[in-house]
Structures are given as structure tokens and as C-alpha cells.
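File shown: input-v9.txt (compact mmCIF, C-alpha atoms).
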# COMPACT_ATOMS: atom_id res chain seq x y z
CA SER A 114 -6.26 25.68 -24.01
CA GLU A 115 -2.76 26.27 -25.31
CA GLY A 116 -1.34 24.54 -28.37
CA GLY A 117 -4.32 22.21 -28.46
CA GLN A 118 -3.81 21.18 -24.85
CA GLU A 119 -6.00 22.14 -21.91
CA ILE A 120 -4.25 24.30 -19.30
CA ALA A 121 -5.55 24.58 -15.74
CA ALA A 122 -6.62 28.00 -14.50
CA ILE A 123 -8.18 29.35 -11.33
CA SER A 124 -11.91 29.80 -11.87
CA ASP A 125 -12.58 31.79 -8.69
CA PRO A 126 -9.63 33.93 -7.45
CA LYS A 127 -11.49 34.72 -4.20
CA ILE A 128 -11.32 31.08 -3.11
CA VAL A 129 -7.53 31.05 -3.63
CA LYS A 130 -7.19 34.35 -1.78
CA ASP A 131 -9.16 33.02 1.19
CA ALA A 132 -7.15 29.78 1.20
CA ALA A 133 -3.86 31.72 1.09
CA ASN A 134 -4.97 33.90 4.03
CA LEU A 135 -5.98 30.86 6.08
CA LEU A 136 -2.73 29.02 5.34
CA GLY A 137 -0.55 32.09 5.76
CA VAL A 138 1.14 31.81 2.37
CA ASP A 139 1.67 34.05 -0.65
CA GLU A 140 -1.40 34.03 -2.90
CA GLN A 141 0.53 34.00 -6.21
CA LYS A 142 2.77 31.17 -5.05
CA LEU A 143 -0.30 29.17 -4.07
CA VAL A 144 -1.68 29.69 -7.60
CA THR A 145 1.67 28.49 -8.98
CA ALA A 146 1.66 25.43 -6.73
CA LEU A 147 -1.83 24.51 -7.94
CA THR A 148 -1.39 25.08 -11.69
CA GLU A 149 2.31 24.48 -12.43
CA ARG A 150 4.95 21.80 -11.93
CA LEU A 151 8.67 22.46 -11.70
CA MET A 152 11.24 19.97 -13.01
CA LEU A 153 14.98 20.06 -12.38
CA THR A 154 17.05 18.72 -15.27
CA ARG A 155 20.82 19.21 -15.50
CA GLY A 156 20.72 22.17 -13.17
CA GLU A 157 17.92 23.89 -15.07
CA THR A 158 14.38 24.46 -13.81
CA ILE A 159 11.61 23.77 -16.32
CA THR A 160 8.07 25.03 -15.70
CA ILE A 161 5.24 22.81 -16.95
CA GLN A 162 1.67 24.08 -17.14
CA LEU A 163 -0.70 21.50 -15.65
CA SER A 164 -3.84 20.14 -17.26
CA PRO A 165 -7.08 20.37 -15.22
CA ALA A 166 -6.79 16.68 -14.20
CA ALA A 167 -3.12 17.12 -13.19
CA ALA A 168 -4.04 20.29 -11.28
CA VAL A 169 -6.57 18.31 -9.25
CA ASP A 170 -3.81 15.80 -8.39
CA SER A 171 -1.51 18.70 -7.50
CA ARG A 172 -4.17 20.16 -5.20
CA ASP A 173 -4.58 16.78 -3.49
CA ALA A 174 -0.80 16.36 -3.12
CA LEU A 175 -0.54 19.83 -1.60
CA SER A 176 -3.37 19.08 0.84
CA LYS A 177 -1.74 15.79 1.79
CA THR A 178 1.56 17.58 2.43
CA VAL A 179 -0.11 20.16 4.69
CA TYR A 180 -2.04 17.46 6.54
CA GLY A 181 1.08 15.33 7.03
CA ALA A 182 3.07 18.32 8.28
CA MET A 183 0.29 19.32 10.68
CA PHE A 184 0.04 15.77 12.05
CA LEU A 185 3.79 15.61 12.77
CA TRP A 186 3.65 19.08 14.35
CA VAL A 187 0.77 18.10 16.67
CA VAL A 188 2.61 14.91 17.72
CA ALA A 189 5.78 16.92 18.40
CA GLN A 190 3.87 19.46 20.50
CA VAL A 191 2.14 16.74 22.54
CA ASN A 192 5.38 14.83 23.12
CA GLU A 193 7.08 18.02 24.23
CA CYS A 194 4.30 18.70 26.75
CA ILE A 195 4.02 15.22 28.28
CA GLY A 196 7.54 13.89 27.70
CA TRP A 197 10.03 13.26 30.51
CA GLU A 198 13.30 15.14 30.48
CA ASN A 199 15.47 12.03 30.88
CA ASP A 200 14.22 8.80 29.29
CA SER A 201 16.57 6.71 31.43
CA ASP A 202 14.55 7.73 34.52
CA VAL A 203 11.40 6.03 33.18
CA ARG A 204 10.79 2.69 34.89
CA SER A 205 7.35 1.84 33.51
CA SER A 206 4.74 3.32 31.24
CA CYS A 207 1.11 2.91 30.31
CA GLY A 208 -0.17 3.45 26.79
CA VAL A 209 -3.51 3.37 25.00
CA LEU A 210 -3.73 2.03 21.45
CA ASP A 211 -6.92 3.04 19.67
CA ILE A 212 -7.31 0.56 16.81
CA PHE A 213 -9.02 2.12 13.81
CA GLY A 214 -10.76 -1.13 12.88
CA PHE A 215 -11.06 -3.29 9.79
CA GLU A 216 -12.33 -1.47 6.69
CA CYS A 217 -14.29 -2.86 3.74
CA PHE A 218 -16.10 -0.36 1.49
CA ALA A 219 -17.69 -0.52 -1.96
CA ILE A 220 -14.40 0.82 -3.37
CA ASN A 221 -11.18 0.15 -1.42
CA SER A 222 -7.80 1.74 -2.11
CA PHE A 223 -4.27 2.01 -0.72
CA GLU A 224 -5.48 3.49 2.59
CA GLN A 225 -7.74 0.49 3.28
CA LEU A 226 -4.91 -1.91 2.43
CA CYS A 227 -2.64 -0.21 5.00
CA ILE A 228 -5.37 -0.16 7.66
CA ASN A 229 -6.28 -3.80 7.08
CA PHE A 230 -2.58 -4.73 7.07
CA THR A 231 -2.33 -3.19 10.55
CA ASN A 232 -5.39 -5.09 11.72
CA GLU A 233 -3.94 -8.35 10.39
CA ALA A 234 -0.74 -7.76 12.39
CA LEU A 235 -2.68 -6.82 15.54
CA GLN A 236 -4.98 -9.82 15.09
CA GLN A 237 -1.97 -12.12 14.90
CA GLN A 238 -0.65 -10.63 18.13
CA PHE A 239 -4.10 -11.03 19.69
CA ASN A 240 -4.24 -14.70 18.60
CA LYS A 241 -0.82 -15.28 20.17
CA PHE A 242 -2.02 -13.58 23.35
CA ILE A 243 -5.15 -15.78 23.51
CA PHE A 244 -3.02 -18.86 22.77
CA LYS A 245 -0.64 -17.97 25.58
CA MET A 246 -3.53 -17.58 28.03
CA GLU A 247 -4.99 -20.91 26.89
CA GLN A 248 -1.61 -22.58 27.24
CA THR A 249 -1.14 -21.23 30.77
CA GLU A 250 -4.59 -22.45 31.81
CA TYR A 251 -4.10 -25.92 30.32
CA GLU A 252 -0.72 -26.30 32.01
CA SER A 253 -2.15 -25.25 35.39
CA GLU A 254 -4.86 -27.92 34.96
CA LYS A 255 -2.27 -30.45 33.69
CA ILE A 256 -4.24 -30.87 30.44
CA ASP A 257 -2.58 -32.16 27.27
CA TRP A 258 -2.89 -29.30 24.75
CA ALA A 259 -0.12 -30.22 22.28
CA PHE A 260 -2.62 -31.47 19.67
CA ILE A 261 -4.53 -28.17 19.44
CA ALA A 262 -3.76 -26.23 16.22
CA PHE A 263 -4.48 -22.53 16.62
CA PRO A 264 -5.17 -20.40 13.50
CA ASP A 265 -2.34 -18.33 12.07
CA ASN A 266 -2.63 -15.52 9.52
CA GLN A 267 1.10 -15.21 8.78
CA ASP A 268 0.47 -16.20 5.15
CA CYS A 269 -1.80 -13.16 4.74
CA LEU A 270 0.84 -10.86 6.25
CA ASP A 271 3.44 -12.37 3.89
CA THR A 272 1.14 -11.75 0.92
CA ILE A 273 1.08 -8.06 1.83
CA GLN A 274 4.60 -7.38 3.13
CA SER A 275 7.10 -10.04 2.03
CA LYS A 276 9.98 -9.22 -0.32
CA PRO A 277 10.14 -9.29 -3.28
CA THR A 278 6.66 -10.64 -4.07
CA GLY A 279 4.48 -8.94 -1.43
CA ILE A 280 1.86 -6.45 -2.58
CA LEU A 281 3.70 -3.48 -1.02
CA SER A 282 7.05 -4.59 -2.50
CA VAL A 283 5.55 -4.92 -5.99
CA LEU A 284 4.00 -1.47 -5.55
CA ASP A 285 7.39 0.01 -4.60
CA ASP A 286 9.00 -1.60 -7.66
CA GLU A 287 6.39 -0.05 -9.93
CA CYS A 288 6.88 3.38 -8.27
CA ARG A 289 10.63 3.18 -9.00
CA LEU A 290 9.87 3.13 -12.74
CA GLY A 291 8.98 6.83 -12.50
CA SER A 292 6.76 8.05 -15.32
CA ARG A 293 6.74 4.54 -16.84
CA GLY A 294 5.07 3.11 -13.74
CA THR A 295 1.26 2.81 -13.78
CA ASP A 296 -1.47 1.42 -11.55
CA ARG A 297 -2.31 -1.05 -14.31
CA GLY A 298 1.30 -2.23 -14.51
CA PHE A 299 1.31 -2.72 -10.74
CA VAL A 300 -1.81 -4.89 -10.65
CA ASN A 301 -0.71 -6.90 -13.72
CA LYS A 302 2.49 -7.83 -11.88
CA LEU A 303 0.40 -9.01 -8.93
CA TYR A 304 -1.68 -11.22 -11.25
CA LYS A 305 1.49 -12.64 -12.79
CA THR A 306 2.98 -13.32 -9.34
CA TYR A 307 0.01 -14.89 -7.55
CA ILE A 308 -2.28 -16.28 -10.27
CA PRO A 309 0.02 -16.98 -13.25
CA GLU A 310 -2.08 -19.77 -14.80
CA ARG A 311 -4.61 -18.85 -17.47
CA LYS A 312 -7.82 -19.72 -15.61
CA GLN A 313 -6.43 -19.40 -12.10
CA THR A 314 -8.44 -17.10 -9.82
CA GLU A 315 -6.89 -17.85 -6.42
CA SER A 316 -3.29 -18.02 -5.20
CA GLU A 317 -1.84 -21.21 -3.75
CA ASN A 318 -2.12 -19.89 -0.20
CA GLY A 319 -5.72 -18.80 -0.80
CA ARG A 320 -5.05 -15.20 0.24
CA PHE A 321 -4.94 -13.45 -3.18
CA LEU A 322 -7.93 -13.66 -5.50
CA ALA A 323 -9.10 -12.14 -8.80
CA THR A 324 -11.67 -13.39 -11.30
CA ALA A 325 -11.33 -12.76 -15.04
CA ILE A 326 -13.85 -9.90 -14.81
CA GLN A 327 -11.99 -8.35 -11.87
CA GLN A 328 -8.67 -8.63 -13.72
CA ALA A 329 -10.17 -6.77 -16.68
CA LYS A 330 -11.12 -3.95 -14.27
CA GLY A 331 -7.75 -3.91 -12.46
CA ILE A 332 -9.25 -5.27 -9.23
CA PHE A 333 -7.60 -7.71 -6.82
CA CYS A 334 -8.87 -9.27 -3.58
CA VAL A 335 -7.18 -10.25 -0.33
CA ARG A 336 -8.73 -12.78 2.03
CA HIS A 337 -8.22 -11.18 5.46
CA PHE A 338 -9.12 -12.74 8.81
CA ALA A 339 -12.41 -10.83 8.73
CA GLY A 340 -13.26 -11.74 5.14
CA VAL A 341 -12.41 -11.01 1.50
CA VAL A 342 -11.77 -7.36 0.59
CA GLN A 343 -11.79 -6.11 -2.99
CA TYR A 344 -9.15 -3.45 -3.85
CA THR A 345 -9.36 -1.25 -6.97
CA SER A 346 -5.91 -0.42 -8.37
CA SER A 347 -7.15 2.50 -10.49
CA THR A 348 -7.78 4.56 -7.31
CA GLY A 349 -4.21 5.89 -7.38
CA PHE A 350 -2.13 3.25 -5.59
CA LEU A 351 1.13 4.53 -7.10
CA GLU A 352 0.50 8.20 -6.39
CA LYS A 353 -0.57 7.48 -2.80
CA ASN A 354 2.54 5.37 -2.20
CA LYS A 355 4.90 8.20 -3.18
CA ASP A 356 6.21 10.49 -0.45
CA GLU A 357 7.47 13.41 -2.50
CA ILE A 358 6.96 17.08 -1.68
CA PRO A 359 6.49 18.97 -4.99
CA LEU A 360 9.02 21.73 -5.66
CA THR A 361 6.23 24.28 -5.96
CA ALA A 362 5.00 23.23 -2.50
CA LYS A 363 8.53 23.60 -1.08
CA ASN A 364 8.76 27.12 -2.46
CA LEU A 365 5.32 27.90 -1.03
CA PHE A 366 6.09 26.67 2.51
CA GLU A 367 9.65 27.96 2.75
CA THR A 368 8.50 31.53 2.08
CA ALA A 369 5.27 31.36 4.13
CA HIS A 370 4.68 34.26 6.52
CA SER A 371 2.79 31.98 8.94
CA GLU A 372 5.14 30.88 11.74
CA ILE A 373 3.03 27.82 12.50
CA LEU A 374 3.16 26.67 8.87
CA LYS A 375 6.93 27.20 8.85
CA ASP A 376 7.30 25.15 12.05
CA MET A 377 5.11 22.42 10.61
CA TYR A 378 7.13 22.28 7.40
CA ASP A 379 10.47 22.28 9.29
CA ILE A 380 9.35 19.31 11.40
CA GLN A 381 8.25 17.42 8.31
CA MET A 382 11.52 18.12 6.49
CA LYS A 383 13.48 17.03 9.58
CA ASP A 384 11.48 13.80 9.73
CA THR A 385 12.07 13.16 6.00
CA GLU A 386 15.82 13.87 6.29
CA GLU A 387 16.17 11.60 9.33
CA ARG A 388 14.56 8.72 7.46
CA ALA A 389 16.71 9.29 4.39
CA ALA A 390 19.89 9.68 6.48
CA LYS A 391 19.72 6.14 7.88
CA PRO A 392 22.52 4.24 6.12
CA SER A 393 21.90 0.92 4.42
CA GLN A 394 24.51 -1.80 3.96
CA ALA A 395 26.06 -1.99 0.51
CA ALA A 396 28.03 -4.84 -1.01
CA GLY A 397 31.35 -5.34 0.75
CA GLY A 398 29.97 -4.03 4.04
CA ARG A 399 30.15 -0.36 3.05
CA ALA A 400 27.39 1.93 4.26
CA LYS A 401 25.51 3.90 1.67
CA PRO A 402 22.82 6.56 2.14
CA ALA A 403 19.31 5.16 2.03
CA LYS A 404 16.93 6.26 -0.69
CA ALA A 405 13.76 8.14 0.14
CA LYS A 406 11.23 5.65 1.46
CA SER A 407 7.77 5.13 0.08
CA VAL A 408 4.65 5.53 2.18
CA GLY A 409 4.27 1.74 2.25
CA GLN A 410 7.84 1.27 3.54
CA GLN A 411 7.36 3.91 6.23
CA PHE A 412 4.04 2.37 7.24
CA LYS A 413 5.59 -1.09 7.56
CA GLU A 414 8.49 0.22 9.68
CA GLN A 415 6.09 2.10 11.98
CA LEU A 416 3.92 -1.02 12.27
CA ASP A 417 6.96 -3.15 13.15
CA ASN A 418 7.90 -0.66 15.88
CA LEU A 419 4.32 -0.67 17.18
CA MET A 420 4.18 -4.48 17.32
CA GLU A 421 7.54 -4.56 19.12
CA LYS A 422 6.15 -2.21 21.77
CA VAL A 423 2.86 -4.11 22.11
CA GLU A 424 4.65 -7.45 22.53
CA SER A 425 6.86 -6.02 25.27
CA THR A 426 3.82 -5.03 27.37
CA GLU A 427 1.04 -6.77 29.27
CA PRO A 428 -1.95 -5.91 27.06
CA HIS A 429 -5.56 -5.61 28.17
CA TYR A 430 -8.15 -5.63 25.40
CA ILE A 431 -11.39 -3.65 25.36
CA ARG A 432 -13.75 -4.25 22.44
CA CYS A 433 -16.35 -1.53 21.96
CA LEU A 434 -19.53 -2.40 20.05
CA LYS A 435 -21.94 0.13 18.58
CA PRO A 436 -25.49 -1.29 18.83
CA ASN A 437 -26.95 0.92 16.08
CA ASP A 438 -26.08 3.81 13.78
CA ALA A 439 -29.03 5.95 14.87
CA ALA A 440 -27.62 6.64 18.38
CA LYS A 441 -30.93 5.47 19.88
CA PRO A 442 -31.40 3.59 23.16
CA LYS A 443 -32.80 0.03 23.39
CA MET A 444 -32.14 -0.59 19.70
CA LEU A 445 -29.81 -3.30 18.42
CA THR A 446 -29.03 -3.84 14.73
CA ARG A 447 -28.00 -7.47 14.41
CA LYS A 448 -26.18 -7.17 11.06
CA ARG A 449 -24.22 -4.11 12.22
CA LEU A 450 -23.22 -5.83 15.46
CA THR A 451 -22.14 -9.01 13.66
CA GLU A 452 -19.93 -6.94 11.33
CA GLN A 453 -18.23 -5.29 14.31
CA LEU A 454 -17.66 -8.63 16.02
CA ARG A 455 -16.13 -10.04 12.85
CA TYR A 456 -14.05 -6.99 11.92
CA GLY A 457 -12.89 -6.52 15.53
CA GLY A 458 -11.49 -10.05 15.62
CA VAL A 459 -13.88 -11.18 18.37
CA LEU A 460 -15.29 -14.08 16.32
CA GLU A 461 -11.73 -15.11 15.48
CA ALA A 462 -10.88 -15.11 19.20
CA VAL A 463 -13.90 -17.31 19.89
CA ARG A 464 -12.71 -19.68 17.15
CA VAL A 465 -9.30 -19.85 18.86
CA ALA A 466 -10.95 -20.78 22.14
CA ARG A 467 -13.14 -23.40 20.44
CA MET A 468 -10.08 -25.10 18.96
CA GLY A 469 -9.16 -26.10 22.52
CA TYR A 470 -11.57 -26.81 25.37
CA PRO A 471 -14.38 -24.26 25.04
CA VAL A 472 -16.35 -25.37 28.14
CA ARG A 473 -14.87 -23.73 31.23
CA LEU A 474 -16.40 -25.02 34.47
CA ASP A 475 -14.37 -24.89 37.64
CA HIS A 476 -14.05 -28.15 39.59
CA GLU A 477 -16.52 -27.12 42.26
CA GLY A 478 -19.19 -26.17 39.71
CA PHE A 479 -18.58 -29.35 37.71
CA PHE A 480 -18.98 -31.61 40.75
CA LYS A 481 -22.13 -29.87 41.95
CA ARG A 482 -23.72 -30.11 38.51
CA TYR A 483 -22.89 -33.74 37.69
CA ARG A 484 -22.86 -35.52 41.09
CA MET A 485 -26.59 -36.16 40.61
CA LEU A 486 -25.77 -38.54 37.74
CA LEU A 487 -24.81 -41.13 40.36
CA PRO A 488 -27.69 -40.89 42.87
CA SER A 489 -27.33 -44.50 44.05
CA THR A 490 -23.60 -44.27 44.78
CA ASP A 491 -22.90 -44.45 48.49
CA ASP A 492 -21.77 -41.32 50.26
CA ASP A 493 -18.61 -43.02 51.50
CA VAL A 494 -17.63 -43.84 47.88
CA LEU A 495 -18.49 -40.40 46.48
CA PRO A 496 -19.72 -37.82 48.99
CA TRP A 497 -22.45 -35.30 48.17
CA SER A 498 -20.83 -32.64 50.31
CA MET A 499 -17.52 -31.07 49.25
CA GLU A 500 -16.69 -29.92 52.75
CA GLY A 501 -13.16 -30.93 53.66
CA GLU A 502 -12.62 -32.47 50.21
CA GLU A 503 -10.38 -31.43 47.32
CA ALA A 504 -12.62 -30.44 44.38
CA GLN A 505 -10.32 -31.69 41.62
CA LYS A 506 -9.93 -35.16 43.18
CA LEU A 507 -13.70 -35.41 43.61
CA CYS A 508 -14.19 -34.60 39.92
CA VAL A 509 -11.67 -37.23 38.87
CA ARG A 510 -13.39 -39.81 41.08
CA LEU A 511 -16.80 -38.82 39.66
CA VAL A 512 -15.62 -39.21 36.05
CA ASP A 513 -13.94 -42.57 36.81
CA LEU A 514 -17.16 -43.92 38.39
CA LEU A 515 -19.25 -42.66 35.44
CA LEU A 516 -16.94 -44.36 32.95
CA LYS A 517 -16.93 -47.56 34.98
CA GLU A 518 -20.73 -47.56 35.20
CA GLY A 519 -21.01 -46.91 31.47
CA ALA A 520 -18.69 -49.82 30.65
CA GLU A 521 -20.71 -52.34 32.72
Please, can you express the file's structure as C-alpha cells?
Amino acid sequence: SEGGQEIAAISDPKIVKDAANLLGVDEQKLVTALTERLMLTRGETITIQLSPAAAVDSRDALSKTVYGAMFLWVVAQVNECIGWENDSDVRSSCGVLDIFGFECFAINSFEQLCINFTNEALQQQFNKFIFKMEQTEYESEKIDWAFIAFPDNQDCLDTIQSKPTGILSVLDDECRLGSRGTDRGFVNKLYKTYIPERKQTESENGRFLATAIQQAKGIFCVRHFAGVVQYTSSTGFLEKNKDEIPLTAKNLFETAHSEILKDMYDIQMKDTEERAAKPSQAAGGRAKPAKAKSVGQQFKEQLDNLMEKVESTEPHYIRCLKPNDAAKPKMLTRKRLTEQLRYGGVLEAVRVARMGYPVRLDHEGFFKRYRMLLPSTDDDVLPWSMEGEEAQKLCVRLVDLLLKEGAE
């Protein structure tokens, strides 16, 4: 401790040495990045010794930076290997989207909110796709389908993404407060926005929920298409939403002797600068440089681009179900399978189909199955054989005769 305050220190120098060797960075600068924070004020650099708790956050931020840089580097390498020299030559393309699935754990944080936000958007697109297929089939059969109301989860998407009251927008506002912003302040603003009345526990659209006990714990719930998910604000929503590379980390990466780490860092910095360089429209039509975007803003933009690509294609859906968690043959866990069906949107798709005409018999199968209901009807009025006959007209005649017989 120093001056009555706890100061973080490295307990095992060997671990730091090994980590520095693996990363390809200077050992002392890695120690600095883990135990100190640099602040720039009026052109001066101030060094702040971190507490043990702050050092843990610094370690996590450093790991996140390395992981993010590595991810961008891998994507860049893959694109360089498989990309075409001239994009204008490309006439068609085929892509595979591996959906990471709906997530609901005992404790859910910012990551689960982003993942479930993506699944909500993809589920909406899937519902539209099913609706379009239903519509095409009804029109080909000349069936009136105008009365069928298909489910829509746009209100849930608005609860998460809309401005200025969406969950992500409120989170960004709290992050802009700097050191005054807290996870508790963020969740309190959500309560005030969606459940302002004293004993209110559910928003008007039914998508945002929080009981009095949950509010005391800083917990809020969102009713997704797959069910209600409970999110805990104290799991670092604000910190996870920030996309800032610490100065100590910059110094560490810029002077790294590992060429791969330097390449990774350069790609990440280029990506960050490109996002920040996009101009935004100011009052009077003047362009002004955009501020650095939060993780939530970046995620939303990437999701919008993904949905735009998906909607411009002809999608084919494959739903994979895991029968059990033991990887054993001839073993099916009912509860586990039901969860996958629900979280994968399959049950929702079935509900969409049931809103219309869920029984799908072709005309030939219908006539063969129900012709026996009129055994005494002469063959010249309604033939038993379909040879040389139009199946749809036979079905219409069969139904008309059944209705007539029932009315007599």
C-alpha cells in the first residue's frame, strides 16, 4: 500500500516474463500496462498507480485489445487469400452464416444482449421469409390470406436499438459521462424510461420488465422471441461498451518486437481510424468528423450491414439440433431439444405457419383421402378415379357435395 491506498504489484515475475515472450513485447512495458494508467491533461502525461481491482480491469482490457486485433488480422488474412482482384467482376456469390444462437445463462451481461439482439433481427428476417413463402403458396392456390396476422418482434428490436430511448442508446449516453457514468446510473435510466410508475414492473409494449427486487439488484429483463432473459447491469455494461485502447497498451504494441503483433495492431488502428473518419452531418449541412463509436454502435452498424446482405440473397435455412450433451448415440434429452427448438426460432416458425393454414395436403391426396365420405354418390357425379380429371376441380366438387349433404 502507498499513502493508505492499495497499489497493484506483480506477484510472480516469471508469469509476466513468459507472457511477454509469447506476445513478443517488452517485459517492463507489459508490467507498466498491467499496473499503471497514463492520463493526458493539457499536454502533460500523468502516471497513476492502479489498485488491485483496477489492475484486473486493465489486464482484461489489454486481453480484449489483443483478441480484437487478432480477430481483425485473421479476417484480413482470409480475405486477402480468397478475395477476387476486381470486385466488379463478381456476378454472384455464396455465403454461409453460422448463427451463434440465443443465449440465456444464470447471469447475463452485455455480450448476451448483443448476441440476443442479433438473433432477434435474424428471427424477424426469418419470419418475413416464412411469411413470403406462405403468401406465395396462398396466392398460387387462390386462397384469401389477407386476414392472417403474422407475429412481429419489431417492438423488441426498438426496445434495444431505438434512439434515444433504446437500451443501447441509453448505455451510450451513460458512457459519455466519463468517470461520472456508472452501471447503476445506466440501469436507473432504463427503469425511469420504461417503468416510470411506482409499482410498474412491465413496460407498455411488454418487452422490458423488472420487479422491485430486481431493481434493487440492478437487474432488468427483456422479453425476447425465445423467452424472458434477465440481464445484470453490475457485470460491467459500461466498460464493455467502451472501445478505447489504453495509452499503456498503445506504447506496448507500438514498440513490440513481434512483427505479427505489430501487423495486428496496425490493422486494428486502421479499422478504428476508418470508423472515426466517417463524417457526420452537422447543423447547416456542414460535415464534421465523427466521434469514436462505442462497441454497441459498431455492433448495430455491422448487424445492419449483415441484414442488408441477407435480405438481398435467396436464403436456405439449416437448423442443427444436438440430441444430448453426452455425445452418446440413441439418446435424446427432451428438455435440451426443446430449448434448442425454442432458441433457434423453430417453434416461432411453426407458430407463423399455424397462424395461416397449417394443414398442407395436395389436391390429389385430399381427394383420395376424403372421397370415401360420399360412398353412395354416383360415379358420374363424382368419380372415384382421378384419371383424366383435374385434381383441384374434383376437390371443389367434393367439398360442395359434402356441404350440400350436410345442409339437407
Worksheet item: atom CA of Arg172 of chain A and atom CA of Gln415 of chain A are how many Å apart?
Response: 27.0 Å
Worksheet entry | Nearest to Ser489 of chain A, chosen from A:Glu310, A:Glu477, A:Asp211, A:Glu518, with only C-alpha atoms counted in the distances | A:Glu518
Item to complete: Could you tell me how far atom CA of Ser498 of chain A lies from atom CA of Lys481 of chain A, in Å and to one decimal?
Response: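 Result for atom CA of Ser498 of chain A versus atom CA of Lys481 of chain A: 8.9 Å, one decimal.
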Worksheet, complete the sentence: Pairwise distance, atom CA of Phe223 of chain A with atom CA of Glu317 of chain A, equals 23.5 Å
Worksheet item: Can you tell me, as number ranges by chain, what residues are no more than 7 Å from segment 347-361 of chain A when counting all atoms listed in the file, ignoring any on the same chain fewer than 5 positions away?
Response: A: 145-146, 150-151, 178, 222-223, 284, 288, 295-296, 331, 407-409
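With all atoms listed in the file taken into account, every residue lying no more than 12 Å from the file point (9.0, -3.8, -0.8) is included here: A:Asp271, A:Thr272, A:Ile273, A:Gln274, A:Ser275, A:Lys276, A:Pro277, A:Thr278, A:Gly279, A:Ile280, A:Leu281, A:Ser282, A:Val283, A:Leu284, A:Asp285, A:Asp286, A:Glu287, A:Cys288, A:Arg289, A:Asn354, A:Lys406, A:Ser407, A:Val408, A:Gly409, A:Gln410, A:Gln411, A:Phe412, A:Lys413, A:Glu414.
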Worksheet entry | Exercise: residues within 10 Å of coordinate (-11.5, -11.2, 4.7), counting only C-alpha atoms, as number ranges by chain | A: 215-217, 229, 233, 269, 320, 334-343, 455-456
Counting all atoms listed in the file, what are the residues of segment 159-250 of chain A within 8 Å of segment 419-443 of chain A, and for each of them which pair of atoms is the nearest and at what distance in Å, to one decimal? Sort the table by chain and rising number, as a tab-separated table.
residue	atom	partner	partner_atom	distance
A:Ala234	CA	A:Met420	CA	7.7
A:Leu235	CA	A:Met420	CA	7.5
A:Gln238	CA	A:Glu424	CA	7.6
Practice prompt. Measuring atom to atom with all atoms listed in the file, identify which of A:Ile128, A:Leu365, A:Ala259, A:Leu147 is nearest to Gln162 of chain A.
Written response: A:Leu147
Worksheet entry | Nearest to Ala182 of chain A by atom-to-atom distance, counting all atoms listed in the file, from A:Lys302, A:Arg467, A:Lys130, A:Lys383 | A:Lys383
Discussion item. So that I can check the surroundings of Glu254 of chain A, please list as JSON, numbers by chain every protein, DNA and RNA residue that reaches within 12 Å of it, counting only C-alpha atoms and ignoring chain neighbours fewer than 5 positions away.
Written reply: {"A": [247, 248, 249, 470, 473, 474, 475, 476, 505]}
Segment 456-475 of chain A, all listed atoms, 3 Å padding on each side: what axis-aligned box centre and edge lengths in Å to one decimal come out, as lines of an AutoDock Vina configuration file?
center_x = -12.8
center_y = -16.7
center_z = 24.8
size_x = 13.2
size_y = 26.3
size_z = 31.7
